[in-house]
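> You'll find run_28.pdb just under this line, and it carries PDB, N, CA and C atoms.
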ATOM      1  N   MET C  21     204.953 -46.782   8.655
ATOM      2  CA  MET C  21     203.669 -46.212   8.366
ATOM      3  C   MET C  21     202.604 -47.227   8.746
ATOM      4  N   VAL C  22     201.519 -46.753   9.329
ATOM      5  CA  VAL C  22     200.413 -47.596   9.758
ATOM      6  C   VAL C  22     199.214 -47.300   8.878
ATOM      7  N   LYS C  23     198.565 -48.340   8.431
ATOM      8  CA  LYS C  23     197.375 -48.177   7.607
ATOM      9  C   LYS C  23     196.158 -48.266   8.519
ATOM     10  N   THR C  24     195.275 -47.277   8.396
ATOM     11  CA  THR C  24     194.083 -47.248   9.236
ATOM     12  C   THR C  24     192.927 -46.626   8.476
ATOM     13  N   THR C  25     191.766 -46.734   9.027
ATOM     14  CA  THR C  25     190.572 -46.137   8.431
ATOM     15  C   THR C  25     190.030 -45.099   9.394
ATOM     16  N   ILE C  26     189.691 -43.929   8.880
ATOM     17  CA  ILE C  26     189.084 -42.889   9.711
ATOM     18  C   ILE C  26     187.798 -42.418   9.047
ATOM     19  N   ASN C  27     186.900 -41.918   9.845
ATOM     20  CA  ASN C  27     185.657 -41.349   9.336
ATOM     21  C   ASN C  27     185.757 -39.836   9.395
ATOM     22  N   LEU C  28     185.570 -39.179   8.280
ATOM     23  CA  LEU C  28     185.635 -37.729   8.197
ATOM     24  C   LEU C  28     184.251 -37.158   7.943
ATOM     25  N   ASP C  29     183.998 -35.991   8.476
ATOM     26  CA  ASP C  29     182.783 -35.276   8.114
ATOM     27  C   ASP C  29     182.856 -34.985   6.629
ATOM     28  N   THR C  30     181.725 -34.960   5.995
ATOM     29  CA  THR C  30     181.678 -34.713   4.557
ATOM     30  C   THR C  30     182.317 -33.373   4.209
ATOM     31  N   GLU C  31     182.054 -32.388   5.027
ATOM     32  CA  GLU C  31     182.610 -31.050   4.801
ATOM     33  C   GLU C  31     184.145 -31.062   4.868
ATOM     34  N   VAL C  32     184.674 -31.748   5.874
ATOM     35  CA  VAL C  32     186.123 -31.850   6.049
ATOM     36  C   VAL C  32     186.724 -32.593   4.861
ATOM     37  N   TYR C  33     186.093 -33.681   4.481
ATOM     38  CA  TYR C  33     186.585 -34.463   3.343
ATOM     39  C   TYR C  33     186.634 -33.619   2.083
ATOM     40  N   ARG C  34     185.604 -32.842   1.818
ATOM     41  CA  ARG C  34     185.572 -32.005   0.613
ATOM     42  C   ARG C  34     186.728 -31.006   0.588
ATOM     43  N   GLU C  35     186.966 -30.381   1.739
ATOM     44  CA  GLU C  35     188.062 -29.410   1.810
ATOM     45  C   GLU C  35     189.410 -30.085   1.580
ATOM     46  N   LEU C  36     189.615 -31.227   2.229
ATOM     47  CA  LEU C  36     190.873 -31.962   2.041
ATOM     48  C   LEU C  36     191.007 -32.451   0.597
ATOM     49  N   PHE C  37     189.922 -32.911   0.028
ATOM     50  CA  PHE C  37     189.896 -33.375  -1.360
ATOM     51  C   PHE C  37     190.329 -32.248  -2.304
ATOM     52  N   LYS C  38     189.728 -31.065  -2.122
ATOM     53  CA  LYS C  38     190.066 -29.902  -2.967
ATOM     54  C   LYS C  38     191.537 -29.534  -2.823
ATOM     55  N   GLU C  39     191.993 -29.496  -1.577
ATOM     56  CA  GLU C  39     193.390 -29.116  -1.335
ATOM     57  C   GLU C  39     194.362 -30.135  -1.918
ATOM     58  N   THR C  40     194.023 -31.404  -1.821
ATOM     59  CA  THR C  40     194.880 -32.458  -2.377
ATOM     60  C   THR C  40     194.982 -32.325  -3.892
ATOM     61  N   ILE C  41     193.858 -32.096  -4.551
ATOM     62  CA  ILE C  41     193.856 -31.913  -6.008
ATOM     63  C   ILE C  41     194.683 -30.689  -6.380
ATOM     64  N   HIS C  42     194.494 -29.603  -5.632
ATOM     65  CA  HIS C  42     195.214 -28.358  -5.926
ATOM     66  C   HIS C  42     196.721 -28.517  -5.723
ATOM     67  N   LYS C  43     197.093 -29.164  -4.612
ATOM     68  CA  LYS C  43     198.511 -29.262  -4.258
ATOM     69  C   LYS C  43     199.245 -30.365  -5.030
ATOM     70  N   TYR C  44     198.600 -31.534  -5.187
ATOM     71  CA  TYR C  44     199.291 -32.679  -5.778
ATOM     72  C   TYR C  44     198.725 -33.132  -7.113
ATOM     73  N   GLY C  45     197.566 -32.614  -7.487
ATOM     74  CA  GLY C  45     196.981 -32.979  -8.771
ATOM     75  C   GLY C  45     196.280 -34.322  -8.783
ATOM     76  N   THR C  46     196.192 -34.970  -7.641
ATOM     77  CA  THR C  46     195.530 -36.270  -7.550
ATOM     78  C   THR C  46     194.994 -36.468  -6.140
ATOM     79  N   THR C  47     193.979 -37.303  -6.002
ATOM     80  CA  THR C  47     193.442 -37.588  -4.671
ATOM     81  C   THR C  47     194.198 -38.714  -3.982
ATOM     82  N   LYS C  48     195.096 -39.353  -4.681
ATOM     83  CA  LYS C  48     195.877 -40.450  -4.095
ATOM     84  C   LYS C  48     196.817 -39.952  -3.000
ATOM     85  N   ALA C  49     197.036 -38.652  -2.960
ATOM     86  CA  ALA C  49     197.934 -38.081  -1.955
ATOM     87  C   ALA C  49     197.168 -37.558  -0.738
ATOM     88  N   LEU C  50     195.922 -37.969  -0.586
ATOM     89  CA  LEU C  50     195.106 -37.493   0.534
ATOM     90  C   LEU C  50     195.751 -37.829   1.879
ATOM     91  N   SER C  51     196.230 -39.044   2.029
ATOM     92  CA  SER C  51     196.891 -39.433   3.288
ATOM     93  C   SER C  51     198.128 -38.579   3.542
ATOM     94  N   ARG C  52     198.862 -38.296   2.486
ATOM     95  CA  ARG C  52     200.064 -37.468   2.604
ATOM     96  C   ARG C  52     199.702 -36.083   3.125
ATOM     97  N   LEU C  53     198.639 -35.487   2.577
ATOM     98  CA  LEU C  53     198.200 -34.157   3.010
ATOM     99  C   LEU C  53     197.757 -34.181   4.471
ATOM    100  N   ILE C  54     196.984 -35.186   4.839
ATOM    101  CA  ILE C  54     196.516 -35.295   6.225
ATOM    102  C   ILE C  54     197.692 -35.461   7.180
ATOM    103  N   ASN C  55     198.670 -36.292   6.817
ATOM    104  CA  ASN C  55     199.861 -36.463   7.652
ATOM    105  C   ASN C  55     200.619 -35.151   7.808
ATOM    106  N   GLU C  56     200.772 -34.398   6.732
ATOM    107  CA  GLU C  56     201.469 -33.111   6.796
ATOM    108  C   GLU C  56     200.755 -32.155   7.750
ATOM    109  N   LYS C  57     199.444 -32.088   7.633
ATOM    110  CA  LYS C  57     198.668 -31.187   8.497
ATOM    111  C   LYS C  57     198.757 -31.599   9.966
ATOM    112  N   LEU C  58     198.672 -32.887  10.229
ATOM    113  CA  LEU C  58     198.772 -33.355  11.612
ATOM    114  C   LEU C  58     200.157 -33.108  12.199
ATOM    115  N   LYS C  59     201.197 -33.282  11.398
ATOM    116  CA  LYS C  59     202.564 -33.021  11.875
ATOM    117  C   LYS C  59     202.734 -31.560  12.271
ATOM    118  N   VAL C  60     202.155 -30.655  11.488
ATOM    119  CA  VAL C  60     202.234 -29.224  11.805
ATOM    120  C   VAL C  60     201.535 -28.944  13.132
ATOM    121  N   ILE C  61     200.376 -29.535  13.311
ATOM    122  CA  ILE C  61     199.622 -29.336  14.552
ATOM    123  C   ILE C  61     200.402 -29.884  15.736
ATOM    124  N   ILE C  62     200.960 -31.065  15.602
ATOM    125  CA  ILE C  62     201.705 -31.683  16.694
ATOM    126  C   ILE C  62     202.967 -30.892  17.012
ATOM    127  N   LYS C  63     203.659 -30.377  15.987
ATOM    128  CA  LYS C  63     204.873 -29.584  16.217
ATOM    129  C   LYS C  63     204.559 -28.307  16.981
ATOM    130  N   LYS C  64     203.387 -27.756  16.777
ATOM    131  CA  LYS C  64     202.995 -26.540  17.489
ATOM    132  C   LYS C  64     202.673 -26.829  18.945
ATOM    133  N   GLY C  65     202.667 -28.111  19.301
ATOM    134  CA  GLY C  65     202.383 -28.485  20.674
ATOM    135  C   GLY C  65     200.903 -28.628  20.946
ATOM    136  N   LYS C  66     200.103 -28.643  19.918
ATOM    137  CA  LYS C  66     198.670 -28.798  20.089
ATOM    138  C   LYS C  66     198.290 -30.223  19.739
ATOM    139  N   ALA C  67     197.446 -30.780  20.562
ATOM    140  CA  ALA C  67     196.942 -32.120  20.271
ATOM    141  C   ALA C  67     195.866 -32.003  19.203
ATOM    142  N   PRO C  68     195.740 -33.002  18.362
ATOM    143  CA  PRO C  68     194.669 -32.936  17.366
ATOM    144  C   PRO C  68     193.293 -32.760  17.984
ATOM    145  N   ASN C  69     193.119 -33.269  19.170
ATOM    146  CA  ASN C  69     191.852 -33.114  19.861
ATOM    147  C   ASN C  69     191.944 -31.852  20.708
ATOM    148  N   ASP C  70     191.192 -30.845  20.362
ATOM    149  CA  ASP C  70     191.324 -29.552  21.018
ATOM    150  C   ASP C  70     190.318 -29.350  22.142
ATOM    151  N   ILE C  71     189.982 -30.413  22.839
ATOM    152  CA  ILE C  71     189.005 -30.323  23.912
ATOM    153  C   ILE C  71     189.461 -29.328  24.979
ATOM    154  N   LEU C  72     190.728 -29.361  25.330
ATOM    155  CA  LEU C  72     191.219 -28.436  26.346
ATOM    156  C   LEU C  72     191.057 -26.986  25.913
ATOM    157  N   GLU C  73     191.374 -26.704  24.655
ATOM    158  CA  GLU C  73     191.236 -25.347  24.159
ATOM    159  C   GLU C  73     189.780 -24.896  24.173
ATOM    160  N   ARG C  74     188.884 -25.804  23.781
ATOM    161  CA  ARG C  74     187.473 -25.435  23.735
ATOM    162  C   ARG C  74     186.885 -25.278  25.127
ATOM    163  N   SER C  75     187.412 -25.996  26.095
ATOM    164  CA  SER C  75     186.846 -25.924  27.433
ATOM    165  C   SER C  75     187.558 -24.891  28.303
ATOM    166  N   ALA C  76     188.671 -24.353  27.853
ATOM    167  CA  ALA C  76     189.410 -23.361  28.633
ATOM    168  C   ALA C  76     188.521 -22.150  28.892
ATOM    169  N   GLY C  77     188.534 -21.682  30.094
ATOM    170  CA  GLY C  77     187.750 -20.521  30.436
ATOM    171  C   GLY C  77     186.357 -20.855  30.946
ATOM    172  N   THR C  78     185.984 -22.111  30.949
ATOM    173  CA  THR C  78     184.665 -22.464  31.451
ATOM    174  C   THR C  78     184.644 -22.517  32.973
ATOM    175  N   TRP C  79     185.811 -22.633  33.580
ATOM    176  CA  TRP C  79     185.904 -22.597  35.026
ATOM    177  C   TRP C  79     186.539 -21.272  35.422
ATOM    178  N   THR C  80     186.065 -20.712  36.505
ATOM    179  CA  THR C  80     186.673 -19.484  37.000
ATOM    180  C   THR C  80     187.407 -19.808  38.289
ATOM    181  N   MET C  81     188.583 -19.227  38.433
ATOM    182  CA  MET C  81     189.368 -19.438  39.644
ATOM    183  C   MET C  81     188.871 -18.481  40.708
ATOM    184  N   LYS C  82     188.393 -19.026  41.802
ATOM    185  CA  LYS C  82     187.910 -18.195  42.888
ATOM    186  C   LYS C  82     189.039 -17.790  43.822
ATOM    187  N   GLU C  83     190.054 -18.631  43.878
ATOM    188  CA  GLU C  83     191.187 -18.344  44.750
ATOM    189  C   GLU C  83     192.442 -19.025  44.217
ATOM    190  N   THR C  84     193.574 -18.508  44.612
ATOM    191  CA  THR C  84     194.842 -19.089  44.177
ATOM    192  C   THR C  84     195.129 -20.331  45.016
ATOM    193  N   GLY C  85     196.152 -21.058  44.639
ATOM    194  CA  GLY C  85     196.551 -22.235  45.402
ATOM    195  C   GLY C  85     196.933 -21.888  46.827
ATOM    196  N   LEU C  86     197.635 -20.771  46.984
ATOM    197  CA  LEU C  86     198.041 -20.318  48.315
ATOM    198  C   LEU C  86     196.817 -19.985  49.162
ATOM    199  N   GLN C  87     195.876 -19.270  48.579
ATOM    200  CA  GLN C  87     194.655 -18.912  49.306
ATOM    201  C   GLN C  87     193.868 -20.168  49.700
ATOM    202  N   TYR C  88     193.789 -21.107  48.785
ATOM    203  CA  TYR C  88     193.077 -22.360  49.044
ATOM    204  C   TYR C  88     193.727 -23.117  50.203
ATOM    205  N   THR C  89     195.062 -23.221  50.176
ATOM    206  CA  THR C  89     195.793 -23.929  51.232
ATOM    207  C   THR C  89     195.577 -23.258  52.579
ATOM    208  N   ARG C  90     195.669 -21.935  52.606
ATOM    209  CA  ARG C  90     195.481 -21.212  53.874
ATOM    210  C   ARG C  90     194.054 -21.390  54.401
ATOM    211  N   ARG C  91     193.077 -21.357  53.496
ATOM    212  CA  ARG C  91     191.686 -21.535  53.905
ATOM    213  C   ARG C  91     191.481 -22.934  54.489
ATOM    214  N   LEU C  92     192.044 -23.958  53.837
ATOM    215  CA  LEU C  92     191.916 -25.322  54.355
ATOM    216  C   LEU C  92     192.541 -25.458  55.742
ATOM    217  N   ARG C  93     193.703 -24.871  55.906
ATOM    218  CA  ARG C  93     194.382 -24.968  57.205
ATOM    219  C   ARG C  93     193.585 -24.242  58.286
ATOM    220  N   ARG C  94     193.075 -23.061  57.938
ATOM    221  CA  ARG C  94     192.300 -22.270  58.889
ATOM    222  C   ARG C  94     191.039 -23.041  59.308
ATOM    223  N   GLU C  95     190.333 -23.620  58.332
ATOM    224  CA  GLU C  95     189.128 -24.385  58.635
ATOM    225  C   GLU C  95     189.448 -25.635  59.455
ATOM    226  N   SER C  96     190.570 -26.268  59.157
ATOM    227  CA  SER C  96     190.976 -27.455  59.913
ATOM    228  C   SER C  96     191.260 -27.098  61.365
ATOM    229  N   GLU C  97     191.924 -25.969  61.570
ATOM    230  CA  GLU C  97     192.233 -25.523  62.933
ATOM    231  C   GLU C  97     190.957 -25.218  63.697
ATOM    232  N   LYS C  98     189.979 -24.579  63.024
ATOM    233  CA  LYS C  98     188.699 -24.281  63.678
ATOM    234  C   LYS C  98     187.972 -25.559  64.074
ATOM    235  N   ARG C  99     187.967 -26.549  63.183
ATOM    236  CA  ARG C  99     187.314 -27.821  63.490
ATOM    237  C   ARG C  99     187.997 -28.518  64.668
ATOM    238  N   LEU C 100     189.320 -28.507  64.649
ATOM    239  CA  LEU C 100     190.073 -29.143  65.722
ATOM    240  C   LEU C 100     189.765 -28.479  67.060
ATOM    241  N   LYS C 101     189.733 -27.134  67.094
ATOM    242  CA  LYS C 101     189.427 -26.411  68.330
ATOM    243  C   LYS C 101     188.010 -26.732  68.798
ATOM    244  N   ARG C 102     187.072 -26.792  67.865
ATOM    245  CA  ARG C 102     185.673 -27.089  68.217
ATOM    246  C   ARG C 102     185.568 -28.497  68.782
ATOM    247  N   ILE C 103     186.280 -29.442  68.166
ATOM    248  CA  ILE C 103     186.233 -30.824  68.647
ATOM    249  C   ILE C 103     186.858 -30.931  70.027
ATOM    250  N   LEU C 104     187.962 -30.244  70.242
ATOM    251  CA  LEU C 104     188.631 -30.320  71.550
ATOM    252  C   LEU C 104     187.800 -29.640  72.631
ATOM    253  N   HIS C 105     187.084 -28.578  72.322
ATOM    254  CA  HIS C 105     186.271 -27.882  73.318
ATOM    255  C   HIS C 105     184.990 -28.643  73.633
ATOM    256  N   GLU C 106     184.534 -29.492  72.722
ATOM    257  CA  GLU C 106     183.324 -30.265  72.961
ATOM    258  C   GLU C 106     183.580 -31.410  73.921
ATOM    259  N   GLU C 107     184.796 -31.860  73.996
ATOM    260  CA  GLU C 107     185.112 -33.015  74.866
ATOM    261  C   GLU C 107     185.195 -32.627  76.274
TER     262      GLU C 107
END
Have the structure of the file written as structure tokens, please.

Amino acid sequence: MVKTTINLDTEVYRELFKETIHKYGTTKALSRLINEKLKVIIKKGKAPNDILERSAGTWTMKETGLQYTRRLRRESEKRLKRILHEE
């Protein structure tokens, strides 16, 4: 076990505090409750930092990988032909 200090939002702390009192009858088990919650999140395959989830959908796919590859090849061939005809 590693001992560390974290900063919690007041709102988050209050909720965890209430749950700890309800579940264990004391606030001394706050670390235990936080560890249990984090283990559940990690087991589900979700990182505690949900940046990916929050940012998902902000980009739109204009083309598939296959379409992108074909477009790049087509453009490369056009450039090559243009360069060869200019010489």
> As JSON, please: the centre and edge lengths in Å, to one decimal, of an axis-aligned box enclosing every listed atom of range 29-32 of chain C with 8 Å added on each side.

{"center_x": 184.2, "center_y": -33.5, "center_z": 6.3, "size_x": 21.0, "size_y": 20.9, "size_z": 20.3}
> Step one, run DSSP on the backbone; step two, keep only residues of range 30-106 of chain C assigned to alpha helix (DSSP H); then write them as a tab-separated table (two decimals) with N, CA and C atoms, in the frame of the given file.

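Contents of result.tsv, freshly written:
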chain	number	residue	atom	x	y	z
C	30	THR	N	181.72	-34.96	6.00
C	30	THR	CA	181.68	-34.71	4.56
C	30	THR	C	182.32	-33.37	4.21
C	31	GLU	N	182.05	-32.39	5.03
C	31	GLU	CA	182.61	-31.05	4.80
C	31	GLU	C	184.14	-31.06	4.87
C	32	VAL	N	184.67	-31.75	5.87
C	32	VAL	CA	186.12	-31.85	6.05
C	32	VAL	C	186.72	-32.59	4.86
C	33	TYR	N	186.09	-33.68	4.48
C	33	TYR	CA	186.58	-34.46	3.34
C	33	TYR	C	186.63	-33.62	2.08
C	34	ARG	N	185.60	-32.84	1.82
C	34	ARG	CA	185.57	-32.01	0.61
C	34	ARG	C	186.73	-31.01	0.59
C	35	GLU	N	186.97	-30.38	1.74
C	35	GLU	CA	188.06	-29.41	1.81
C	35	GLU	C	189.41	-30.08	1.58
C	36	LEU	N	189.62	-31.23	2.23
C	36	LEU	CA	190.87	-31.96	2.04
C	36	LEU	C	191.01	-32.45	0.60
C	37	PHE	N	189.92	-32.91	0.03
C	37	PHE	CA	189.90	-33.38	-1.36
C	37	PHE	C	190.33	-32.25	-2.30
C	38	LYS	N	189.73	-31.06	-2.12
C	38	LYS	CA	190.07	-29.90	-2.97
C	38	LYS	C	191.54	-29.53	-2.82
C	39	GLU	N	191.99	-29.50	-1.58
C	39	GLU	CA	193.39	-29.12	-1.34
C	39	GLU	C	194.36	-30.14	-1.92
C	40	THR	N	194.02	-31.40	-1.82
C	40	THR	CA	194.88	-32.46	-2.38
C	40	THR	C	194.98	-32.33	-3.89
C	41	ILE	N	193.86	-32.10	-4.55
C	41	ILE	CA	193.86	-31.91	-6.01
C	41	ILE	C	194.68	-30.69	-6.38
C	42	HIS	N	194.49	-29.60	-5.63
C	42	HIS	CA	195.21	-28.36	-5.93
C	42	HIS	C	196.72	-28.52	-5.72
C	43	LYS	N	197.09	-29.16	-4.61
C	43	LYS	CA	198.51	-29.26	-4.26
C	43	LYS	C	199.24	-30.36	-5.03
C	44	TYR	N	198.60	-31.53	-5.19
C	44	TYR	CA	199.29	-32.68	-5.78
C	44	TYR	C	198.72	-33.13	-7.11
C	50	LEU	N	195.92	-37.97	-0.59
C	50	LEU	CA	195.11	-37.49	0.53
C	50	LEU	C	195.75	-37.83	1.88
C	51	SER	N	196.23	-39.04	2.03
C	51	SER	CA	196.89	-39.43	3.29
C	51	SER	C	198.13	-38.58	3.54
C	52	ARG	N	198.86	-38.30	2.49
C	52	ARG	CA	200.06	-37.47	2.60
C	52	ARG	C	199.70	-36.08	3.12
C	53	LEU	N	198.64	-35.49	2.58
C	53	LEU	CA	198.20	-34.16	3.01
C	53	LEU	C	197.76	-34.18	4.47
C	54	ILE	N	196.98	-35.19	4.84
C	54	ILE	CA	196.52	-35.30	6.22
C	54	ILE	C	197.69	-35.46	7.18
C	55	ASN	N	198.67	-36.29	6.82
C	55	ASN	CA	199.86	-36.46	7.65
C	55	ASN	C	200.62	-35.15	7.81
C	56	GLU	N	200.77	-34.40	6.73
C	56	GLU	CA	201.47	-33.11	6.80
C	56	GLU	C	200.76	-32.16	7.75
C	57	LYS	N	199.44	-32.09	7.63
C	57	LYS	CA	198.67	-31.19	8.50
C	57	LYS	C	198.76	-31.60	9.97
C	58	LEU	N	198.67	-32.89	10.23
C	58	LEU	CA	198.77	-33.35	11.61
C	58	LEU	C	200.16	-33.11	12.20
C	59	LYS	N	201.20	-33.28	11.40
C	59	LYS	CA	202.56	-33.02	11.88
C	59	LYS	C	202.73	-31.56	12.27
C	60	VAL	N	202.16	-30.66	11.49
C	60	VAL	CA	202.23	-29.22	11.80
C	60	VAL	C	201.54	-28.94	13.13
C	61	ILE	N	200.38	-29.54	13.31
C	61	ILE	CA	199.62	-29.34	14.55
C	61	ILE	C	200.40	-29.88	15.74
C	62	ILE	N	200.96	-31.06	15.60
C	62	ILE	CA	201.70	-31.68	16.69
C	62	ILE	C	202.97	-30.89	17.01
C	63	LYS	N	203.66	-30.38	15.99
C	63	LYS	CA	204.87	-29.58	16.22
C	63	LYS	C	204.56	-28.31	16.98
C	71	ILE	N	189.98	-30.41	22.84
C	71	ILE	CA	189.00	-30.32	23.91
C	71	ILE	C	189.46	-29.33	24.98
C	72	LEU	N	190.73	-29.36	25.33
C	72	LEU	CA	191.22	-28.44	26.35
C	72	LEU	C	191.06	-26.99	25.91
C	73	GLU	N	191.37	-26.70	24.66
C	73	GLU	CA	191.24	-25.35	24.16
C	73	GLU	C	189.78	-24.90	24.17
C	74	ARG	N	188.88	-25.80	23.78
C	74	ARG	CA	187.47	-25.44	23.74
C	74	ARG	C	186.88	-25.28	25.13
C	75	SER	N	187.41	-26.00	26.10
C	75	SER	CA	186.85	-25.92	27.43
C	75	SER	C	187.56	-24.89	28.30
C	85	GLY	N	196.15	-21.06	44.64
C	85	GLY	CA	196.55	-22.24	45.40
C	85	GLY	C	196.93	-21.89	46.83
C	86	LEU	N	197.64	-20.77	46.98
C	86	LEU	CA	198.04	-20.32	48.32
C	86	LEU	C	196.82	-19.98	49.16
C	87	GLN	N	195.88	-19.27	48.58
C	87	GLN	CA	194.66	-18.91	49.31
C	87	GLN	C	193.87	-20.17	49.70
C	88	TYR	N	193.79	-21.11	48.78
C	88	TYR	CA	193.08	-22.36	49.04
C	88	TYR	C	193.73	-23.12	50.20
C	89	THR	N	195.06	-23.22	50.18
C	89	THR	CA	195.79	-23.93	51.23
C	89	THR	C	195.58	-23.26	52.58
C	90	ARG	N	195.67	-21.94	52.61
C	90	ARG	CA	195.48	-21.21	53.87
C	90	ARG	C	194.05	-21.39	54.40
C	91	ARG	N	193.08	-21.36	53.50
C	91	ARG	CA	191.69	-21.54	53.90
C	91	ARG	C	191.48	-22.93	54.49
C	92	LEU	N	192.04	-23.96	53.84
C	92	LEU	CA	191.92	-25.32	54.36
C	92	LEU	C	192.54	-25.46	55.74
C	93	ARG	N	193.70	-24.87	55.91
C	93	ARG	CA	194.38	-24.97	57.20
C	93	ARG	C	193.58	-24.24	58.29
C	94	ARG	N	193.08	-23.06	57.94
C	94	ARG	CA	192.30	-22.27	58.89
C	94	ARG	C	191.04	-23.04	59.31
C	95	GLU	N	190.33	-23.62	58.33
C	95	GLU	CA	189.13	-24.38	58.64
C	95	GLU	C	189.45	-25.64	59.46
C	96	SER	N	190.57	-26.27	59.16
C	96	SER	CA	190.98	-27.46	59.91
C	96	SER	C	191.26	-27.10	61.36
C	97	GLU	N	191.92	-25.97	61.57
C	97	GLU	CA	192.23	-25.52	62.93
C	97	GLU	C	190.96	-25.22	63.70
C	98	LYS	N	189.98	-24.58	63.02
C	98	LYS	CA	188.70	-24.28	63.68
C	98	LYS	C	187.97	-25.56	64.07
C	99	ARG	N	187.97	-26.55	63.18
C	99	ARG	CA	187.31	-27.82	63.49
C	99	ARG	C	188.00	-28.52	64.67
C	100	LEU	N	189.32	-28.51	64.65
C	100	LEU	CA	190.07	-29.14	65.72
C	100	LEU	C	189.76	-28.48	67.06
C	101	LYS	N	189.73	-27.13	67.09
C	101	LYS	CA	189.43	-26.41	68.33
C	101	LYS	C	188.01	-26.73	68.80
C	102	ARG	N	187.07	-26.79	67.86
C	102	ARG	CA	185.67	-27.09	68.22
C	102	ARG	C	185.57	-28.50	68.78
C	103	ILE	N	186.28	-29.44	68.17
C	103	ILE	CA	186.23	-30.82	68.65
C	103	ILE	C	186.86	-30.93	70.03
C	104	LEU	N	187.96	-30.24	70.24
C	104	LEU	CA	188.63	-30.32	71.55
C	104	LEU	C	187.80	-29.64	72.63
C	105	HIS	N	187.08	-28.58	72.32
C	105	HIS	CA	186.27	-27.88	73.32
C	105	HIS	C	184.99	-28.64	73.63
C	106	GLU	N	184.53	-29.49	72.72
C	106	GLU	CA	183.32	-30.26	72.96
C	106	GLU	C	183.58	-31.41	73.92
> In Å, how far is it from atom N of Lys48 in chain C to atom C of Gly65 in chain C?
28.4 Å
> State, in Å with one decimal place, the distance from atom C of Arg34 in chain C to atom N of Lys63 in chain C.
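One can read the atom C of Arg34 in chain C to atom N of Lys63 in chain C distance as 22.9 Å.
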